[in-house]
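The structure file structure-v5.pdb is reproduced below (PDB, C-alpha atoms).
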```pdb
ATOM      1  CA  MET N   1     203.421 182.933  39.835
ATOM      2  CA  ARG N   2     202.706 183.069  36.090
ATOM      3  CA  ALA N   3     206.486 182.943  35.491
ATOM      4  CA  ALA N   4     206.690 179.499  37.107
ATOM      5  CA  PHE N   5     204.242 178.125  34.537
ATOM      6  CA  THR N   6     206.107 179.813  31.692
ATOM      7  CA  GLU N   7     209.460 178.530  32.937
ATOM      8  CA  ALA N   8     208.067 174.983  33.097
ATOM      9  CA  GLY N   9     206.746 175.333  29.550
ATOM     10  CA  VAL N  10     203.133 174.728  30.556
ATOM     11  CA  THR N  11     199.870 176.590  30.698
ATOM     12  CA  GLY N  12     198.179 176.584  34.067
ATOM     13  CA  TRP N  13     195.870 178.361  36.444
ATOM     14  CA  LEU N  14     196.025 178.410  40.210
ATOM     15  CA  HIS N  15     194.005 179.695  43.123
ATOM     16  CA  ALA N  16     194.902 178.921  46.724
ATOM     17  CA  LEU N  17     193.127 180.333  49.776
ATOM     18  CA  ASP N  18     194.368 180.183  53.354
ATOM     19  CA  ILE N  19     191.115 179.443  55.178
ATOM     20  CA  GLY N  20     192.440 180.851  58.468
ATOM     21  CA  SER N  21     193.772 184.191  57.271
ATOM     22  CA  GLY N  22     191.941 184.670  53.999
ATOM     23  CA  ALA N  23     195.261 185.270  52.194
ATOM     24  CA  GLN N  24     195.105 184.287  48.534
ATOM     25  CA  LEU N  25     197.602 183.327  45.855
ATOM     26  CA  ASP N  26     196.576 183.090  42.234
ATOM     27  CA  ALA N  27     197.700 182.904  38.643
ATOM     28  CA  GLY N  28     194.835 183.576  36.264
ATOM     29  CA  ALA N  29     192.253 182.514  38.831
ATOM     30  CA  ASP N  30     189.510 184.632  37.260
ATOM     31  CA  GLN N  31     190.137 183.473  33.697
ATOM     32  CA  PRO N  32     187.304 181.223  32.489
ATOM     33  CA  VAL N  33     188.513 177.728  31.529
ATOM     34  CA  PRO N  34     186.758 174.379  30.977
ATOM     35  CA  THR N  35     186.326 172.838  34.416
ATOM     36  CA  ALA N  36     186.413 169.192  33.288
ATOM     37  CA  SER N  37     187.133 167.024  36.341
ATOM     38  CA  VAL N  38     187.027 170.010  38.698
ATOM     39  CA  HIS N  39     183.241 170.011  38.290
ATOM     40  CA  GLU N  40     183.206 166.467  39.666
ATOM     41  CA  LEU N  41     184.115 167.937  43.070
ATOM     42  CA  CYS N  42     180.983 170.108  42.968
ATOM     43  CA  LEU N  43     178.973 167.019  42.056
ATOM     44  CA  LEU N  44     180.568 165.037  44.910
ATOM     45  CA  VAL N  45     179.735 167.748  47.459
ATOM     46  CA  THR N  46     176.151 167.900  46.172
ATOM     47  CA  LEU N  47     175.789 164.111  46.319
ATOM     48  CA  HIS N  48     176.922 163.976  49.938
ATOM     49  CA  GLN N  49     174.749 166.932  50.936
ATOM     50  CA  GLN N  50     171.743 165.206  49.397
ATOM     51  CA  ALA N  51     172.592 162.052  51.370
ATOM     52  CA  ALA N  52     173.037 164.015  54.623
ATOM     53  CA  GLU N  53     169.625 165.618  54.078
ATOM     54  CA  GLY N  54     168.043 162.188  53.511
ATOM     55  CA  ARG N  55     167.194 162.922  49.861
ATOM     56  CA  LEU N  56     169.131 159.902  48.619
ATOM     57  CA  ASP N  57     170.863 156.804  49.968
ATOM     58  CA  LEU N  58     174.508 156.358  48.979
ATOM     59  CA  GLY N  59     173.878 152.596  48.993
ATOM     60  CA  GLU N  60     171.170 152.977  46.318
ATOM     61  CA  GLN N  61     171.878 150.640  43.421
ATOM     62  CA  VAL N  62     171.943 152.056  39.902
ATOM     63  CA  GLU N  63     172.574 150.418  36.555
ATOM     64  CA  CYS N  64     174.911 151.834  33.994
ATOM     65  CA  ALA N  65     174.010 150.365  30.611
ATOM     66  CA  PRO N  66     176.614 150.378  27.825
ATOM     67  CA  ALA N  67     174.417 152.524  25.566
ATOM     68  CA  ASP N  68     174.084 155.223  28.264
ATOM     69  CA  ARG N  69     177.800 155.663  28.955
ATOM     70  CA  THR N  70     180.086 158.511  28.123
ATOM     71  CA  TRP N  71     183.267 156.990  26.747
ATOM     72  CA  GLY N  72     186.409 156.883  28.846
ATOM     73  CA  PRO N  73     189.429 154.642  29.420
ATOM     74  CA  THR N  74     188.554 153.531  32.971
ATOM     75  CA  GLY N  75     185.752 152.136  35.124
ATOM     76  CA  PRO N  76     182.291 151.486  33.668
ATOM     77  CA  ALA N  77     183.097 153.762  30.755
ATOM     78  CA  ALA N  78     185.517 151.111  29.474
ATOM     79  CA  MET N  79     183.336 148.061  30.213
ATOM     80  CA  LEU N  80     181.242 146.192  27.664
ATOM     81  CA  ASP N  81     178.429 144.815  29.823
ATOM     82  CA  PRO N  82     175.810 146.454  32.046
ATOM     83  CA  VAL N  83     177.225 147.458  35.415
ATOM     84  CA  ARG N  84     175.244 147.683  38.649
ATOM     85  CA  MET N  85     176.737 149.614  41.559
ATOM     86  CA  SER N  86     175.894 151.877  44.463
ATOM     87  CA  LEU N  87     175.918 155.657  44.216
ATOM     88  CA  ARG N  88     178.822 155.547  46.684
ATOM     89  CA  ASP N  89     180.848 153.283  44.370
ATOM     90  CA  ALA N  90     180.048 155.507  41.388
ATOM     91  CA  ALA N  91     181.318 158.486  43.414
ATOM     92  CA  TYR N  92     184.501 156.572  44.169
ATOM     93  CA  LEU N  93     185.084 155.828  40.476
ATOM     94  CA  MET N  94     184.294 159.419  39.531
ATOM     95  CA  THR N  95     186.910 160.790  41.924
ATOM     96  CA  ALA N  96     189.556 158.033  41.973
ATOM     97  CA  VAL N  97     189.889 157.514  38.213
ATOM     98  CA  SER N  98     187.842 160.447  36.871
ATOM     99  CA  ASP N  99     185.398 158.024  35.262
ATOM    100  CA  ASN N 100     183.081 159.899  32.891
ATOM    101  CA  ALA N 101     180.321 157.288  32.914
ATOM    102  CA  ALA N 102     180.155 157.284  36.722
ATOM    103  CA  ALA N 103     180.095 161.093  36.806
ATOM    104  CA  ASP N 104     177.283 161.238  34.253
ATOM    105  CA  LEU N 105     175.318 158.596  36.149
ATOM    106  CA  LEU N 106     175.562 160.649  39.362
ATOM    107  CA  LEU N 107     174.754 163.883  37.557
ATOM    108  CA  ARG N 108     171.578 162.325  36.160
ATOM    109  CA  ARG N 109     170.661 161.158  39.680
ATOM    110  CA  VAL N 110     171.140 164.478  41.525
ATOM    111  CA  GLY N 111     170.423 166.831  38.621
ATOM    112  CA  LEU N 112     172.528 169.597  37.112
ATOM    113  CA  HIS N 113     170.216 172.225  38.618
ATOM    114  CA  THR N 114     170.968 170.831  42.104
ATOM    115  CA  VAL N 115     174.734 170.934  41.498
ATOM    116  CA  ASN N 116     174.427 174.502  40.193
ATOM    117  CA  ARG N 117     172.432 175.459  43.288
ATOM    118  CA  THR N 118     175.214 174.029  45.476
ATOM    119  CA  THR N 119     177.919 175.964  43.635
ATOM    120  CA  ARG N 120     175.902 179.195  43.965
ATOM    121  CA  ARG N 121     175.336 178.580  47.683
ATOM    122  CA  LEU N 122     179.083 178.047  48.160
ATOM    123  CA  GLY N 123     179.853 181.294  46.325
ATOM    124  CA  LEU N 124     181.296 179.498  43.299
ATOM    125  CA  THR N 125     179.093 181.353  40.826
ATOM    126  CA  PRO N 126     181.701 181.508  38.037
ATOM    127  CA  THR N 127     182.124 177.689  38.243
TER
END
```
Please go through the file and, once you have read it, give me the structure as structure tokens.
Amino acid sequence: MRAAFTEAGVTGWLHALDIGSGAQLDAGADQPVPTASVHELCLLVTLHQQAAEGRLDLGEQVECAPADRTWGPTGPAAMLDPVRMSLRDAAYLMTAVSDNAAADLLLRRVGLHTVNRTTRRLGLTPT
């Protein structure tokens, strides 16, 4: 598996799990790396679990002020004026265009400790 990355001239990591059989395929799966956008998936799962438990409403409106935004080239991160949107729309922007401002807005709403609790519960403790 590692040879495929080398042959392509790239650095990469891979972990695939067949849910039915439990068979796994990996290339450096246990090597710690910055998660970047991968962590947004943990945040998305946490957001939807919180909504399913009635702890938040995905239609809740939140404001993303220019001064509170993490910079990025897309979505609210790239806009100049205050933006008002639902948590659901922020989740869409976070996942569709990996918008940093939307991700940070959602993380502030659900809390890093809640996301970490979700990752632990799912057995993703190294994440």
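Each of N:Arg84, N:Arg69, N:Arg2, N:Arg117 was checked against N:Gln50 using all atoms listed in the file; the smallest atom-to-atom distance is that of N:Arg117.
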I'd like the residues picked by the PyMOL selection byres ((chain N and resi 13-24) around 12) written out as a PDB file with C-alpha atoms, in the frame of the given file, using the chain letters and numbers from the file.
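File written: part33.pdb
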```pdb
ATOM      1  CA  MET N   1     203.421 182.933  39.835  1.00  0.00           C
ATOM      2  CA  ARG N   2     202.706 183.069  36.090  1.00  0.00           C
ATOM      3  CA  ALA N   3     206.486 182.943  35.491  1.00  0.00           C
ATOM      4  CA  ALA N   4     206.690 179.499  37.107  1.00  0.00           C
ATOM      5  CA  PHE N   5     204.242 178.125  34.537  1.00  0.00           C
ATOM      6  CA  THR N   6     206.107 179.813  31.692  1.00  0.00           C
ATOM      7  CA  VAL N  10     203.133 174.728  30.556  1.00  0.00           C
ATOM      8  CA  THR N  11     199.870 176.590  30.698  1.00  0.00           C
ATOM      9  CA  GLY N  12     198.179 176.584  34.067  1.00  0.00           C
ATOM     10  CA  LEU N  25     197.602 183.327  45.855  1.00  0.00           C
ATOM     11  CA  ASP N  26     196.576 183.090  42.234  1.00  0.00           C
ATOM     12  CA  ALA N  27     197.700 182.904  38.643  1.00  0.00           C
ATOM     13  CA  GLY N  28     194.835 183.576  36.264  1.00  0.00           C
ATOM     14  CA  ALA N  29     192.253 182.514  38.831  1.00  0.00           C
ATOM     15  CA  ASP N  30     189.510 184.632  37.260  1.00  0.00           C
ATOM     16  CA  GLN N  31     190.137 183.473  33.697  1.00  0.00           C
ATOM     17  CA  PRO N  32     187.304 181.223  32.489  1.00  0.00           C
ATOM     18  CA  VAL N  33     188.513 177.728  31.529  1.00  0.00           C
ATOM     19  CA  PRO N  34     186.758 174.379  30.977  1.00  0.00           C
ATOM     20  CA  THR N  35     186.326 172.838  34.416  1.00  0.00           C
TER      21      THR N  35
END
```
In Å, how far is it from atom CA of N:Gln49 to atom CA of N:Gly75?
->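 Taking atom CA of N:Gln49 and atom CA of N:Gly75, their separation equals 24.3 Å.
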Run through the PyMOL selection byres ((chain N and resi 62) around 7) on the given coordinates and return the selected residues as a PyMOL selection string.
-> chain N and resi 60-61+63-64+84-87
Output the selection as an mmCIF file, keeping the file's coordinate frame - C-alpha atoms for each residue.
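After the write, selection.cif holds the following:
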```
data_model
loop_
_atom_site.group_PDB
_atom_site.id
_atom_site.type_symbol
_atom_site.label_atom_id
_atom_site.label_comp_id
_atom_site.auth_asym_id
_atom_site.auth_seq_id
_atom_site.Cartn_x
_atom_site.Cartn_y
_atom_site.Cartn_z
ATOM 1 C CA GLU N 60 171.170 152.977 46.318
ATOM 2 C CA GLN N 61 171.878 150.640 43.421
ATOM 3 C CA GLU N 63 172.574 150.418 36.555
ATOM 4 C CA CYS N 64 174.911 151.834 33.994
ATOM 5 C CA ARG N 84 175.244 147.683 38.649
ATOM 6 C CA MET N 85 176.737 149.614 41.559
ATOM 7 C CA SER N 86 175.894 151.877 44.463
ATOM 8 C CA LEU N 87 175.918 155.657 44.216
#
```
Choose the residue, out of N:Glu40, N:Glu53, N:Asp89, N:Asp68, that has the smallest atom-to-atom separation from N:Leu112; count all atoms listed in the file.
->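 Looking only at the distances to N:Leu112, the closest residue turns out to be N:Glu40.
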Box centre and edge lengths (Å, one decimal), axis-aligned, stretch 48-66 of chain N plus 8 Å each side, as JSON:
```
{"center_x": 172.1, "center_y": 158.6, "center_z": 41.2, "size_x": 25.7, "size_y": 32.6, "size_z": 42.8}
```
Would you mind telling me which residue in N:Ala101, N:Met94, N:Leu58, N:Ala65 lies nearest to N:Ala77 when using all atoms listed in the file?
->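 When distances to N:Ala77 are compared using all atoms listed in the file, the smallest one comes from N:Ala101.
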To one decimal place, how far is atom CA of N:Leu43 from atom CA of N:Gly59 in Å?
->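 So the two atoms, atom CA of N:Leu43 and atom CA of N:Gly59, lie 16.8 Å apart.
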